[in-house]
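Notes to accompany the following structure.
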Amino acid sequence: MKVTRMDTRALSVPLARPFIGGRQQPREKINPVIVQLTTDDGLEAFGLAFAWNDRQINSLKASIDDLEEVIIGQDVFRWAEAWERLYNATRHMGHHGYGIYALSAIDTALWCLRAKALGLPLAHLLGGYQREVPAYASHMLFRNWSLDELQRDAVSLVKQGFHVMKMNMGDKPFKVELERLKAVREVVGENIGIMIDANWAWTVSQTIQIGREIERYHAYWLEDPLASDDADELAQVAKALDMPVSNGETFCTKYDFRSLLEKKSADILIVDLQRAGGITEWMKIATMAQAWNIPVASHLFHDFSAHLIAAIPNGLIVEYMPWWDVIYQEPPQVKDGYLEIADKPGLGLELDPEAISRYEMK
Ligand SMILES: [Mg+2]
């Protein structure tokens with residue numbers, strides 16, 4: 001079975017509520033690119049990559065389109081060959097930017113084709129460890145939420161069935177950050193997991209200082225505390241703090257993750273599908289983490305990542321971030337804190353053509 005056609009569509013999807021998550025302007029839209037592959041048997045499947053504005057998405061789409069000549073004619077089931085060809089073809093673009101995003105989207109579409117061709121859910125083909133996976137709410141509790149909004153949304157997430165939620169920190173004096181955390185803890189009670197994502201805000205000493213205070217509120221994890229993303233410095237923080245320290249979402253391919261594991265820089269690895277190098281590389285990184293007894297959580301892409309976390313024995317939790325769910329006829333639903341793997345071939349999700357034509361950039 002060979003790939004005979006590749007189509008890419010760049011979308012511009014407004015977000016219901018602009019947010020500030022790191023050192024950035026408010027995010028008001030999300031720009032996914034849908035990469036659809038068709039085989040000589042007429043089978044179709046898609047992968048995704050995304051950027052943050054209409055300019056970036058043109059560059060990302062161009063990076064993906066550049067690989068069309070590489071992937072046309074590729075045997076769908078020769079997955080290692082396909083990955084190496086894409087990796088070599090993106091060497092000039094670089095393996096830390098849109099080159100690796102482009103590779104990832106195509107590699108992901110190829111895995112969805114394989115699962116469809118075999119009539120298996122993607123999670124089943126990749127390992128089939130479990131049929132449902134815990135998911136945490138990541139789409140609320142941002143830096144620009146007021147104290148009232150934090151409390152109201154935290155209560156609403158509990159009512160929706162989430163057992164774990166993430167709040168963002170990093171731009172306020174420590175006293176204020178801790179008051180916000182205390183306010184959320186007070187309204188959700190002791191049985192809800194609260195993750196803290198600092199989005200690369202602090203130095204080592206600042207992180208240890210505020211980290212010891214955060215621990216008093218029983219945080220589920222502290223994510224990306226350090227501005228440096230340096231494996232040695234992350235290891236200092238992971239060693240100093242009792243609560244789990246998680247990182248990895250900006251790291252690309254097994255080569256980046258090797259240093260995080262060797263230096264014990266993370267108690268929990270966060271692996272992003274489009275930076276990892278697609279499903280092929282995501283699975284290899286998860287296996288490397290298992291050799292160090294490190295659990296793996298996914299970053300974004302809950303539509304695909306639920307399958308990945310469900311496939312592996314050291315899969316911890318899926319980040320639920322429904323930014324581009326409008327592209328699906330029936331988007332994944334979190335029920336009582338879990339995402340279920342549908343008993344359908346491939347990804348198990350159908351694109352909504354009307355929504356895609358509404359959001360497609362012309
Ligand atoms: Mg994060």
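Chains: A, B, ... in order of the structure tokens. Residues: from 1 per chain. Ligands: from 1, in order shown.
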
| said: Can you pull out every residue with an atom within 12 Å of ligand 1? Use only C-alpha atoms and all ligand atoms and format it as a PyMOL selection string. | reply: chain A and resi 21-22+138-139+142+166-170+195-201+221-226+245-251+269-272+297-300+319-321

What are the nearest atom pairs, with distances in Å to one decimal, for all residues of stretch 259-337 of chain A that come at most 6 Å from stretch 110-134 of chain A, using only C-alpha atoms, set out by chain and rising residue number as JSON lines?
```
{"residue": "A:His307", "atom": "CA", "partner": "A:Ala123", "partner_atom": "CA", "distance": 4.3}
{"residue": "A:Ala310", "atom": "CA", "partner": "A:Gln130", "partner_atom": "CA", "distance": 5.1}
{"residue": "A:Ala311", "atom": "CA", "partner": "A:Gly127", "partner_atom": "CA", "distance": 4.4}
{"residue": "A:Ile312", "atom": "CA", "partner": "A:Tyr129", "partner_atom": "CA", "distance": 5.5}
{"residue": "A:Ile317", "atom": "CA", "partner": "A:Pro134", "partner_atom": "CA", "distance": 5.1}
{"residue": "A:Gly337", "atom": "CA", "partner": "A:Pro134", "partner_atom": "CA", "distance": 5.8}
```

Residue neighbourhood A:Leu15, 7 Å, only C-alpha atoms, exclusion window fewer than 2 positions, as a ChimeraX atom specification: /A:13,17-18,28-30,323

Selection to disk with C-alpha atoms, as a short mmCIF file (atom, residue, chain, number, x, y, z; two decimals), in the first residue's frame:
```cif
data_model
loop_
_atom_site.label_atom_id
_atom_site.label_comp_id
_atom_site.auth_asym_id
_atom_site.auth_seq_id
_atom_site.Cartn_x
_atom_site.Cartn_y
_atom_site.Cartn_z
CA VAL A 13 -9.52 29.11 14.38
CA ARG A 17 -11.37 33.11 25.31
CA PRO A 18 -7.94 34.73 24.74
CA GLU A 28 -6.52 34.82 20.35
CA LYS A 29 -6.48 32.07 17.76
CA ILE A 30 -4.91 28.73 16.95
CA TRP A 323 -8.48 24.33 20.98
#
```

Apply DSSP to the structure's backbone, then extract all residues of stretch 23-200 of chain A labelled strand (DSSP E or B) and return them as number ranges by chain.
A: 27-39, 44-51, 75, 121, 132-137, 164-168, 193-197

Could you write out, as a PyMOL selection string, all the residues of stretch 171-283 of chain A that DSSP marks as helix (DSSP H, G or I)? chain A and resi 174-188+204-217+231-240+253-262+273-276+278-283

Tell me which protein, DNA and RNA residues are within 10 Å of A:Leu11, counting only C-alpha atoms, leaving out same-chain ones fewer than 3 positions away, and put them as a tab-separated table (two decimals) with N, CA and C atoms, in the first residue's frame.
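Contents of part32.tsv, as written:
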```
chain	number	residue	atom	x	y	z
A	8	THR	N	-2.70	19.48	2.06
A	8	THR	CA	-2.57	20.23	3.32
A	8	THR	C	-3.54	21.40	3.31
A	14	PRO	N	-10.52	30.93	15.70
A	14	PRO	CA	-10.53	31.83	16.86
A	14	PRO	C	-10.75	31.05	18.16
A	29	LYS	N	-6.07	33.09	18.72
A	29	LYS	CA	-6.48	32.07	17.76
A	29	LYS	C	-5.45	30.96	17.74
A	30	ILE	N	-5.83	29.86	17.13
A	30	ILE	CA	-4.91	28.73	16.95
A	30	ILE	C	-4.95	28.36	15.47
A	31	ASN	N	-3.80	27.98	14.93
A	31	ASN	CA	-3.71	27.69	13.50
A	31	ASN	C	-3.23	26.26	13.25
A	32	PRO	N	-4.15	25.32	13.14
A	32	PRO	CA	-3.73	23.96	12.77
A	32	PRO	C	-3.57	23.80	11.25
A	33	VAL	N	-2.68	22.91	10.86
A	33	VAL	CA	-2.60	22.46	9.47
A	33	VAL	C	-3.03	21.00	9.46
A	34	ILE	N	-3.97	20.68	8.60
A	34	ILE	CA	-4.38	19.29	8.44
A	34	ILE	C	-3.62	18.70	7.26
A	50	PHE	N	0.53	22.55	14.29
A	50	PHE	CA	-0.12	23.85	14.50
A	50	PHE	C	0.90	24.95	14.74
A	51	ALA	N	0.44	26.19	14.52
A	51	ALA	CA	1.21	27.39	14.84
A	51	ALA	C	0.26	28.39	15.48
A	53	ASN	N	-0.21	31.91	14.58
A	53	ASN	CA	-0.84	33.02	13.87
A	53	ASN	C	-0.79	32.75	12.37
A	54	ASP	N	-1.48	33.64	11.62
A	54	ASP	CA	-1.66	33.40	10.18
A	54	ASP	C	-0.34	33.47	9.42
A	57	ILE	N	1.63	30.09	10.21
A	57	ILE	CA	1.03	28.88	9.65
A	57	ILE	C	1.39	28.73	8.17
A	58	ASN	N	1.60	29.86	7.49
A	58	ASN	CA	2.04	29.78	6.09
A	58	ASN	C	3.42	29.13	5.99
A	324	TRP	N	-8.73	22.99	18.96
A	324	TRP	CA	-9.16	22.82	17.56
A	324	TRP	C	-10.22	21.72	17.44
A	327	ILE	N	-12.89	21.15	14.49
A	327	ILE	CA	-12.68	20.51	13.19
A	327	ILE	C	-13.30	19.12	13.13
A	355	ALA	N	-16.90	22.79	8.88
A	355	ALA	CA	-16.07	23.58	9.80
A	355	ALA	C	-14.73	23.89	9.14
A	356	ILE	N	-14.19	22.93	8.42
A	356	ILE	CA	-12.88	23.14	7.80
A	356	ILE	C	-12.97	24.23	6.73
A	357	SER	N	-14.03	24.21	5.93
A	357	SER	CA	-14.11	25.27	4.91
A	357	SER	C	-14.38	26.62	5.56
A	358	ARG	N	-15.04	26.64	6.72
A	358	ARG	CA	-15.28	27.90	7.42
A	358	ARG	C	-13.97	28.51	7.92
A	359	TYR	N	-13.06	27.66	8.42
A	359	TYR	CA	-11.83	28.18	9.05
A	359	TYR	C	-10.61	28.15	8.15
A	360	GLU	N	-10.76	27.56	6.96
A	360	GLU	CA	-9.58	27.43	6.08
A	360	GLU	C	-9.11	28.80	5.60
A	361	MET	N	-7.78	29.00	5.63
A	361	MET	CA	-7.23	30.25	5.12
A	361	MET	C	-7.15	30.15	3.60
A	362	LYS	N	-7.59	31.20	2.93
A	362	LYS	CA	-7.61	31.19	1.47
A	362	LYS	C	-6.37	31.91	0.95
```

Using only C-alpha atoms, the shortest atom-to-atom distance to A:Leu241 among A:Leu103, A:Leu86, A:Ile208, A:Ala266 belongs to A:Ile208

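From atom CA of A:Pro322 back to atom CA of A:Gly193, the distance works out to 19.6 Å.
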
**Request:** Please provide the set of residues having any atom within 9 Å of A:Lys254, restricted to only C-alpha atoms, with same-chain residues fewer than 5 positions apart removed, written as a list in words.
**Result:**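 Everything that qualifies: Ala276, Gly277, Glu281, Trp282, Lys284, Ile285 and Met288 of chain A.
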
For the selection you just gave me, I'd like the residues written to a file as a PDB file, in the first residue's frame, keeping C-alpha atoms.
```
ATOM      1  CA  ALA A 276       8.879  14.560  19.371  1.00  0.00           C
ATOM      2  CA  GLY A 277       8.963  13.543  15.709  1.00  0.00           C
ATOM      3  CA  GLU A 281       9.535   8.845  17.770  1.00  0.00           C
ATOM      4  CA  TRP A 282       6.993   9.517  20.556  1.00  0.00           C
ATOM      5  CA  LYS A 284      10.565   5.403  21.270  1.00  0.00           C
ATOM      6  CA  ILE A 285      10.880   8.255  23.784  1.00  0.00           C
ATOM      7  CA  MET A 288      13.352   5.210  26.880  1.00  0.00           C
TER       8      MET A 288
END
```

- Query: Neighbours of A:Arg85 within 12 Å (only C-alpha atoms; same-chain residues fewer than 2 positions away dropped), as a PyMOL selection string?
  - Reply: chain A and resi 67-72+74-75+78-83+87-91+103+106-107

Keeping only C-alpha atoms, write the selected residues to a file as a CSV table (one decimal), in the first residue's frame.
```csv
chain,number,residue,atom,x,y,z
A,67,LEU,CA,8.0,17.0,1.9
A,68,GLU,CA,5.3,15.9,-0.6
A,69,GLU,CA,7.8,14.6,-3.1
A,70,VAL,CA,9.4,12.6,-0.3
A,71,ILE,CA,6.3,10.9,0.8
A,72,ILE,CA,4.5,10.2,-2.5
A,74,GLN,CA,6.2,5.6,0.2
A,75,ASP,CA,5.1,2.1,1.3
A,78,ARG,CA,7.6,0.4,6.0
A,79,TRP,CA,7.4,2.8,8.9
A,80,ALA,CA,11.1,3.0,9.9
A,81,GLU,CA,12.1,3.6,6.3
A,82,ALA,CA,9.4,6.4,6.0
A,83,TRP,CA,10.6,8.1,9.2
A,87,TYR,CA,14.3,12.9,8.9
A,88,ASN,CA,17.0,13.1,6.3
A,89,ALA,CA,14.8,15.3,4.1
A,90,THR,CA,14.3,17.8,6.9
A,91,ARG,CA,17.9,17.9,8.0
A,103,LEU,CA,7.9,15.3,9.7
A,106,ILE,CA,3.2,13.2,8.1
A,107,ASP,CA,4.5,10.4,10.3
```

From atom CA of A:Asp336 to atom CA of A:Tyr217 the spacing works out at 23.2 Å

* Asked: Got a sec: who's within 8 Å of A:Gly73, counting only C-alpha atoms, leaving out chain neighbours fewer than 4 positions off, as an NGL selection string?
  -> :A and (2-4)

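Atom CA of A:His218 sits 25.1 Å away from atom CA of A:Gln290.
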